[in-house]
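Asker: Here you go, one structure.
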Amino acid sequence: MKKIIITGITGLIGKNISNKLLNKGYLVVGVTRNPEKAMKQLPGLTKCIKWNEEELTEEINGAHAVIHLAGENVMARRWNEEHKSKILYSRVETTKKIVEVINSVSQKPQVYIGASAIGYYGVQANQCDENSNNGKDFLSEVVVKWENASESLIYGRRVLIRIGIVLDENEGALSKMIVPFKFFVGGPIGSGDQPFPWIHIEDIANLFIFALENDLNGIYNGVSPESVTLKQFSSELGNVMHRPSFMKVPEFIIKILYGEGADNVLKGVKINPKKTLESGFKFKFASLHNALKMILNQ
């Protein structure tokens with residue numbers, strides 16, 4: 001059986017990828033700061049280790065693939081210099097460490113699949129695809145450094161997936177947006193005209209596994225091909241939940257909550273998963289209406 005190493009295994013995407021791989025018969029080894037917690041959350045794991053160079057080397061040597069998902073939650077709190085430093089360090093330095101270990105072992109993995117983010121594109125007027133230039137804001141600079149940190153891999157396939165806004169009922173952006181709708185006070189944030197590049201949790205997990213099992217290389221956008229604005233998203237969410245969608249969240253509240261990070265909520269860019277579609281990957285939930293109905297069991 002093929003062994004897959006997964007960092008960030010207790011995150012939303014990590015848990016979903018792990019369960020799918022375990023169901024397919026892979027051996028899955030998690031890398032996390034709290035292995036005991038991970039084993040309780042994912043009892044089927046083959047093993048779970050800490051961020052320890054000796055253990056990393058032992059497990060990566062001879063593994064089939066490494067899926068690197070670790071990173072500080074970008075919107076977990078208001079941005080200040082400390083949080084921005086954690087956002088950068090947790091992505092760039094962990095990637096450098098993983099790559100260093102991969103390059104050092106005698107039996108190198110066949111494929112490295114790294115998480116990246118649509119924050120790469122920043123705020124742009126034109127629609128972006130995988131060949132578009134990066135933006136110029138803080139998050140764009142972080143993603144550029146994050147992606148560059150794995151360029152020194154000396155063997156195997158290297159795949160980077162720029163992840164959009166992942167929809168799941170219990171975690172992430174949607175879980176927070178559902179609450180006001182339940183109390184009939186739901187609606188868009190700010191103008192509502194900003195693009196909302198979304199993807200269903202099952203599709204993003206499937207995309208990582210598709211990259212693992214097929215001959216993919218390079219950058220792929222992990223967003224749905226159906227492009228919507230936040231106003232359209234909120235309206236569809238209201239329709240599915242049978243709730244109105246008219247209570248806009250003022251921009252100043254978002255700025256108070258997130259500071260400099262507010263631009264990532266109030267602005268955006270329209271993103272096309274051009275290369276992802278060309279790879280042959282099939283989205284199970286390409287329709288926002290169907291995605292929300294499935295998530296909310298409507």
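Naming works like this for the structure tokens: A, B, ... for the chains as they're shown, residue 1 at the start of each chain, ligands 1 onward in shown order.
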Pick out the residues sitting within 8 Å of A:Val66, and hand them over as an NGL selection string; count only C-alpha atoms, and ignore anything fewer than 3 positions along from it in its own chain.
Answerer: :A and (4-6 or 60 or 63 or 109 or 111-113)
Asker: Using DSSP on the backbone coordinates, identify all residues within stretch 89-297 of chain A classified as strand (DSSP E or B); present the result as JSON, numbers by chain.
Answerer: {"A": [111, 112, 113, 114, 115, 116, 117, 128, 157, 158, 159, 160, 161, 162, 163, 165, 166, 167, 189, 195, 198, 199, 200, 218, 219, 220, 221, 222, 229, 249, 271]}
Asker: For the residues in the current selection, export N, CA and C atoms as a PDB file, in the first residue's frame.
Answerer:
ATOM      1  N   VAL A 111       5.620  12.466  -5.654  1.00  0.00           N
ATOM      2  CA  VAL A 111       4.871  13.703  -5.899  1.00  0.00           C
ATOM      3  C   VAL A 111       4.758  14.532  -4.624  1.00  0.00           C
ATOM      4  N   TYR A 112       4.864  15.843  -4.808  1.00  0.00           N
ATOM      5  CA  TYR A 112       4.627  16.817  -3.752  1.00  0.00           C
ATOM      6  C   TYR A 112       3.422  17.645  -4.168  1.00  0.00           C
ATOM      7  N   ILE A 113       2.394  17.704  -3.298  1.00  0.00           N
ATOM      8  CA  ILE A 113       1.212  18.516  -3.588  1.00  0.00           C
ATOM      9  C   ILE A 113       1.075  19.533  -2.464  1.00  0.00           C
ATOM     10  N   GLY A 114       1.219  20.789  -2.809  1.00  0.00           N
ATOM     11  CA  GLY A 114       1.184  21.840  -1.805  1.00  0.00           C
ATOM     12  C   GLY A 114      -0.058  22.699  -1.901  1.00  0.00           C
ATOM     13  N   ALA A 115      -0.597  23.060  -0.747  1.00  0.00           N
ATOM     14  CA  ALA A 115      -1.681  24.037  -0.724  1.00  0.00           C
ATOM     15  C   ALA A 115      -1.109  25.402  -1.082  1.00  0.00           C
ATOM     16  N   SER A 116      -1.880  26.163  -1.844  1.00  0.00           N
ATOM     17  CA  SER A 116      -1.591  27.561  -2.107  1.00  0.00           C
ATOM     18  C   SER A 116      -2.925  28.287  -1.988  1.00  0.00           C
ATOM     19  N   ALA A 117      -3.001  29.528  -2.443  1.00  0.00           N
ATOM     20  CA  ALA A 117      -4.238  30.282  -2.230  1.00  0.00           C
ATOM     21  C   ALA A 117      -4.511  31.246  -3.368  1.00  0.00           C
ATOM     22  N   CYS A 128      -8.862  36.273 -13.773  1.00  0.00           N
ATOM     23  CA  CYS A 128      -7.551  35.630 -13.695  1.00  0.00           C
ATOM     24  C   CYS A 128      -7.671  34.125 -13.896  1.00  0.00           C
ATOM     25  N   ARG A 157       7.037  14.957  -9.211  1.00  0.00           N
ATOM     26  CA  ARG A 157       6.076  15.967  -9.651  1.00  0.00           C
ATOM     27  C   ARG A 157       5.827  16.979  -8.532  1.00  0.00           C
ATOM     28  N   ARG A 158       5.603  18.224  -8.916  1.00  0.00           N
ATOM     29  CA  ARG A 158       5.279  19.290  -7.954  1.00  0.00           C
ATOM     30  C   ARG A 158       3.981  19.956  -8.401  1.00  0.00           C
ATOM     31  N   VAL A 159       2.967  19.836  -7.560  1.00  0.00           N
ATOM     32  CA  VAL A 159       1.653  20.396  -7.863  1.00  0.00           C
ATOM     33  C   VAL A 159       1.277  21.375  -6.760  1.00  0.00           C
ATOM     34  N   LEU A 160       0.810  22.563  -7.149  1.00  0.00           N
ATOM     35  CA  LEU A 160       0.347  23.556  -6.190  1.00  0.00           C
ATOM     36  C   LEU A 160      -1.098  23.910  -6.520  1.00  0.00           C
ATOM     37  N   ILE A 161      -1.962  23.860  -5.521  1.00  0.00           N
ATOM     38  CA  ILE A 161      -3.388  24.127  -5.734  1.00  0.00           C
ATOM     39  C   ILE A 161      -3.770  25.408  -5.005  1.00  0.00           C
ATOM     40  N   ARG A 162      -4.161  26.418  -5.788  1.00  0.00           N
ATOM     41  CA  ARG A 162      -4.576  27.698  -5.229  1.00  0.00           C
ATOM     42  C   ARG A 162      -6.036  27.586  -4.807  1.00  0.00           C
ATOM     43  N   ILE A 163      -6.230  27.489  -3.505  1.00  0.00           N
ATOM     44  CA  ILE A 163      -7.539  27.159  -2.944  1.00  0.00           C
ATOM     45  C   ILE A 163      -8.398  28.413  -2.790  1.00  0.00           C
ATOM     46  N   ILE A 165     -12.522  29.859  -1.609  1.00  0.00           N
ATOM     47  CA  ILE A 165     -13.317  29.851  -0.372  1.00  0.00           C
ATOM     48  C   ILE A 165     -14.042  28.517  -0.290  1.00  0.00           C
ATOM     49  N   VAL A 166     -13.642  27.692   0.662  1.00  0.00           N
ATOM     50  CA  VAL A 166     -14.153  26.322   0.766  1.00  0.00           C
ATOM     51  C   VAL A 166     -15.475  26.313   1.530  1.00  0.00           C
ATOM     52  N   LEU A 167     -16.489  25.701   0.914  1.00  0.00           N
ATOM     53  CA  LEU A 167     -17.816  25.655   1.524  1.00  0.00           C
ATOM     54  C   LEU A 167     -18.031  24.353   2.295  1.00  0.00           C
ATOM     55  N   ILE A 189     -21.816  41.160   2.323  1.00  0.00           N
ATOM     56  CA  ILE A 189     -20.871  41.985   3.067  1.00  0.00           C
ATOM     57  C   ILE A 189     -20.414  43.124   2.163  1.00  0.00           C
ATOM     58  N   PRO A 195     -16.276  39.602  -6.293  1.00  0.00           N
ATOM     59  CA  PRO A 195     -16.335  38.177  -6.678  1.00  0.00           C
ATOM     60  C   PRO A 195     -16.206  37.277  -5.454  1.00  0.00           C
ATOM     61  N   TRP A 198     -15.667  30.351  -4.935  1.00  0.00           N
ATOM     62  CA  TRP A 198     -15.984  29.299  -3.969  1.00  0.00           C
ATOM     63  C   TRP A 198     -15.647  27.913  -4.529  1.00  0.00           C
ATOM     64  N   ILE A 199     -15.618  26.933  -3.627  1.00  0.00           N
ATOM     65  CA  ILE A 199     -15.510  25.531  -4.036  1.00  0.00           C
ATOM     66  C   ILE A 199     -16.072  24.663  -2.902  1.00  0.00           C
ATOM     67  N   HIS A 200     -16.778  23.626  -3.263  1.00  0.00           N
ATOM     68  CA  HIS A 200     -17.336  22.692  -2.275  1.00  0.00           C
ATOM     69  C   HIS A 200     -16.197  21.884  -1.653  1.00  0.00           C
ATOM     70  N   GLY A 218       2.538  21.528 -11.764  1.00  0.00           N
ATOM     71  CA  GLY A 218       2.372  22.976 -11.791  1.00  0.00           C
ATOM     72  C   GLY A 218       1.200  23.491 -10.981  1.00  0.00           C
ATOM     73  N   ILE A 219       0.656  24.626 -11.429  1.00  0.00           N
ATOM     74  CA  ILE A 219      -0.360  25.382 -10.686  1.00  0.00           C
ATOM     75  C   ILE A 219      -1.764  25.045 -11.170  1.00  0.00           C
ATOM     76  N   TYR A 220      -2.699  24.883 -10.210  1.00  0.00           N
ATOM     77  CA  TYR A 220      -4.110  24.643 -10.545  1.00  0.00           C
ATOM     78  C   TYR A 220      -4.989  25.457  -9.586  1.00  0.00           C
ATOM     79  N   ASN A 221      -6.006  26.089 -10.141  1.00  0.00           N
ATOM     80  CA  ASN A 221      -6.937  26.853  -9.311  1.00  0.00           C
ATOM     81  C   ASN A 221      -8.007  25.937  -8.724  1.00  0.00           C
ATOM     82  N   GLY A 222      -8.124  25.962  -7.408  1.00  0.00           N
ATOM     83  CA  GLY A 222      -9.138  25.172  -6.729  1.00  0.00           C
ATOM     84  C   GLY A 222     -10.367  26.012  -6.441  1.00  0.00           C
ATOM     85  N   THR A 229     -20.905  36.729  -7.617  1.00  0.00           N
ATOM     86  CA  THR A 229     -20.546  37.793  -6.693  1.00  0.00           C
ATOM     87  C   THR A 229     -21.043  37.405  -5.302  1.00  0.00           C
ATOM     88  N   VAL A 249     -23.922  43.731   5.594  1.00  0.00           N
ATOM     89  CA  VAL A 249     -22.972  43.993   6.669  1.00  0.00           C
ATOM     90  C   VAL A 249     -22.116  45.181   6.237  1.00  0.00           C
ATOM     91  N   ILE A 271     -11.992  34.516 -10.751  1.00  0.00           N
ATOM     92  CA  ILE A 271     -10.971  33.496 -11.033  1.00  0.00           C
ATOM     93  C   ILE A 271     -11.552  32.348 -11.844  1.00  0.00           C
TER      94      ILE A 271
END
Asker: Between A:Val143, A:Leu296, A:Val92, A:Leu45, which has the minimum distance to A:Ser175 (counting only C-alpha atoms)?
Answerer: A:Leu296
Asker: Give me, as a ChimeraX atom specification, all polymer residues having an atom no more than 10 Å from stretch 131-137 of chain A, counting only C-alpha atoms and skipping those fewer than 2 positions away in the same chain.
Answerer: /A:118-124,126-129,139-144,219-220,263-264,271,274-275
Asker: Hey, can you spit out that residue selection with C-alpha atoms as a PDB file, in the first residue's frame?
Answerer:
ATOM      1  CA  ILE A 118      -6.186  32.477  -4.622  1.00  0.00           C
ATOM      2  CA  GLY A 119      -4.788  35.348  -2.568  1.00  0.00           C
ATOM      3  CA  TYR A 120      -1.951  35.091  -5.107  1.00  0.00           C
ATOM      4  CA  TYR A 121      -3.989  37.202  -7.524  1.00  0.00           C
ATOM      5  CA  GLY A 122      -4.731  40.026  -5.109  1.00  0.00           C
ATOM      6  CA  VAL A 123      -7.338  42.503  -6.347  1.00  0.00           C
ATOM      7  CA  GLN A 124      -7.472  42.773 -10.125  1.00  0.00           C
ATOM      8  CA  ASN A 126      -9.666  41.364 -15.080  1.00  0.00           C
ATOM      9  CA  GLN A 127     -10.558  37.705 -14.721  1.00  0.00           C
ATOM     10  CA  CYS A 128      -7.551  35.630 -13.695  1.00  0.00           C
ATOM     11  CA  ASP A 129      -6.515  32.087 -14.529  1.00  0.00           C
ATOM     12  CA  LEU A 139      -1.338  38.252   0.934  1.00  0.00           C
ATOM     13  CA  SER A 140      -0.156  38.107  -2.687  1.00  0.00           C
ATOM     14  CA  GLU A 141       3.425  38.505  -1.524  1.00  0.00           C
ATOM     15  CA  VAL A 142       2.932  35.746   1.055  1.00  0.00           C
ATOM     16  CA  VAL A 143       1.588  33.329  -1.558  1.00  0.00           C
ATOM     17  CA  VAL A 144       4.444  34.104  -3.975  1.00  0.00           C
ATOM     18  CA  ILE A 219      -0.360  25.382 -10.686  1.00  0.00           C
ATOM     19  CA  TYR A 220      -4.110  24.643 -10.545  1.00  0.00           C
ATOM     20  CA  ASP A 263      -9.656  44.032   1.897  1.00  0.00           C
ATOM     21  CA  ASN A 264      -9.623  40.260   1.468  1.00  0.00           C
ATOM     22  CA  ILE A 271     -10.971  33.496 -11.033  1.00  0.00           C
ATOM     23  CA  LYS A 274      -8.876  27.033 -16.708  1.00  0.00           C
ATOM     24  CA  LYS A 275      -5.973  24.627 -16.241  1.00  0.00           C
TER      25      LYS A 275
END
Asker: As a ChimeraX atom specification, please: all residues of stretch 83-250 of chain A that backbone DSSP puts in alpha helix (DSSP H).
Answerer: /A:83-104,138-148,173-182,201-213,230-241
Asker: Report as a list of chain:residue names all protein, DNA and RNA residues lying within 10 Å of A:Gly62, evaluated on only C-alpha atoms, omitting residues in the same chain fewer than 2 positions from it.
Answerer: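 My list of contacting residues is A:Lys2, A:Lys3, A:Ile4, A:Thr57, A:Glu58, A:Glu59, A:Ile60, A:His64, A:Ala65, A:Ile102, A:Val105, A:Ser106, A:Gln107, A:Lys108, A:Pro109, A:Gln110.
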Asker: Interatomic distance between atom CA of A:Glu53 and atom CA of A:Arg91?
Answerer: 16.8 Å
Asker: Leaving out stretch 21-30 of chain A and any residue of its chain fewer than 6 positions from it, which residues lie within 12 Å of it when counting only C-alpha atoms, given as a PyMOL selection string?
Answerer: chain A and resi 1-11+14-15+36-39+41-51+55-56+58-60+63-70+205-206+208-210+212-213
Asker: Mind writing the picked residues with C-alpha atoms as a compact mmCIF listing (two decimals), in the first residue's frame?
Answerer:
# COMPACT_ATOMS: atom_id res chain seq x y z
CA MET A 1 0.00 0.00 0.00
CA LYS A 2 1.18 3.53 -0.82
CA LYS A 3 2.00 5.83 2.06
CA ILE A 4 0.91 9.47 1.95
CA ILE A 5 2.29 12.10 4.34
CA ILE A 6 -0.15 14.94 5.14
CA THR A 7 0.67 18.09 7.09
CA GLY A 8 -2.14 20.22 8.49
CA ILE A 9 -4.14 17.04 8.80
CA THR A 10 -6.58 18.34 11.44
CA GLY A 11 -7.72 21.23 9.24
CA GLY A 14 -6.77 17.76 5.65
CA LYS A 15 -9.46 15.76 7.43
CA GLU A 36 -2.92 12.67 20.08
CA LYS A 37 -5.71 15.05 19.07
CA ALA A 38 -5.31 14.11 15.42
CA MET A 39 -5.57 10.38 16.16
CA GLN A 41 -10.27 13.04 15.21
CA LEU A 42 -9.07 10.59 12.57
CA PRO A 43 -8.91 7.15 14.21
CA GLY A 44 -8.14 5.43 10.91
CA LEU A 45 -4.77 7.16 10.54
CA THR A 46 -1.82 4.85 10.11
CA LYS A 47 0.32 7.11 12.28
CA CYS A 48 0.68 10.70 13.38
CA ILE A 49 3.94 12.51 14.16
CA LYS A 50 5.06 15.93 15.38
CA TRP A 51 7.03 18.51 13.42
CA GLU A 55 10.50 11.63 12.51
CA LEU A 56 9.77 13.55 9.30
CA GLU A 58 11.94 8.54 8.75
CA GLU A 59 8.36 8.77 7.44
CA ILE A 60 9.03 10.72 4.22
CA ALA A 63 6.62 7.51 1.06
CA HIS A 64 4.72 7.80 -2.21
CA ALA A 65 3.65 11.42 -1.76
CA VAL A 66 3.63 14.44 0.53
CA ILE A 67 0.54 16.66 0.75
CA HIS A 68 1.49 19.89 2.51
CA LEU A 69 -1.49 21.83 3.92
CA ALA A 70 -0.10 23.46 7.07
CA ALA A 205 -10.49 17.23 -1.48
CA ASN A 206 -11.13 15.36 -4.73
CA PHE A 208 -5.93 16.99 -4.34
CA ILE A 209 -6.52 13.27 -4.83
CA PHE A 210 -6.90 13.75 -8.60
CA LEU A 212 -2.06 12.61 -6.61
CA GLU A 213 -3.36 9.91 -8.94
Asker: Between A:Ser191, A:Tyr89, A:Glu100, A:Thr94, which has the minimum distance to A:Val31 (counting only C-alpha atoms)?
Answerer: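 Answer, going by the shortest atom-to-atom distance: A:Thr94.
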Asker: Rank A:Ser90, A:Ser104, A:Ser287, A:Asn52 by their smallest atom-to-atom distance to A:Pro35, using only C-alpha atoms, and report the top residue only.
Answerer: A:Asn52
Asker: Using only C-alpha atoms for the distances, tell me which of A:Glu82, A:Glu151, A:Glu202, A:Glu130 is nearest to A:Asn19.
Answerer: A:Glu202
Asker: Which one of A:Ile201, A:Leu292, A:Ala125, A:Leu207 sits closest to A:Lys267 if you count only C-alpha atoms?
Answerer: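 That would be A:Ala125, the residue with the smallest distance to A:Lys267.
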Asker: Under the rule that only C-alpha atoms are counted, which of A:Ser245, A:Asn34, A:Ser234, A:Thr95 is the nearest residue to A:Asn148?
Answerer: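 Checking each candidate against A:Asn148, we get A:Thr95 as the closest.
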Asker: Find the distance between atom CA of A:Gly238 and atom CA of A:Arg78 and write it in Å to one decimal.
Answerer: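 Calculated distance between atom CA of A:Gly238 and atom CA of A:Arg78 is 27.6 Å.
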Asker: Have a look at atom CA of A:Lys40 and atom CA of A:Asn170 and let me know their distance in Å, one decimal.
Answerer: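 These atoms are spaced 18.0 Å apart.
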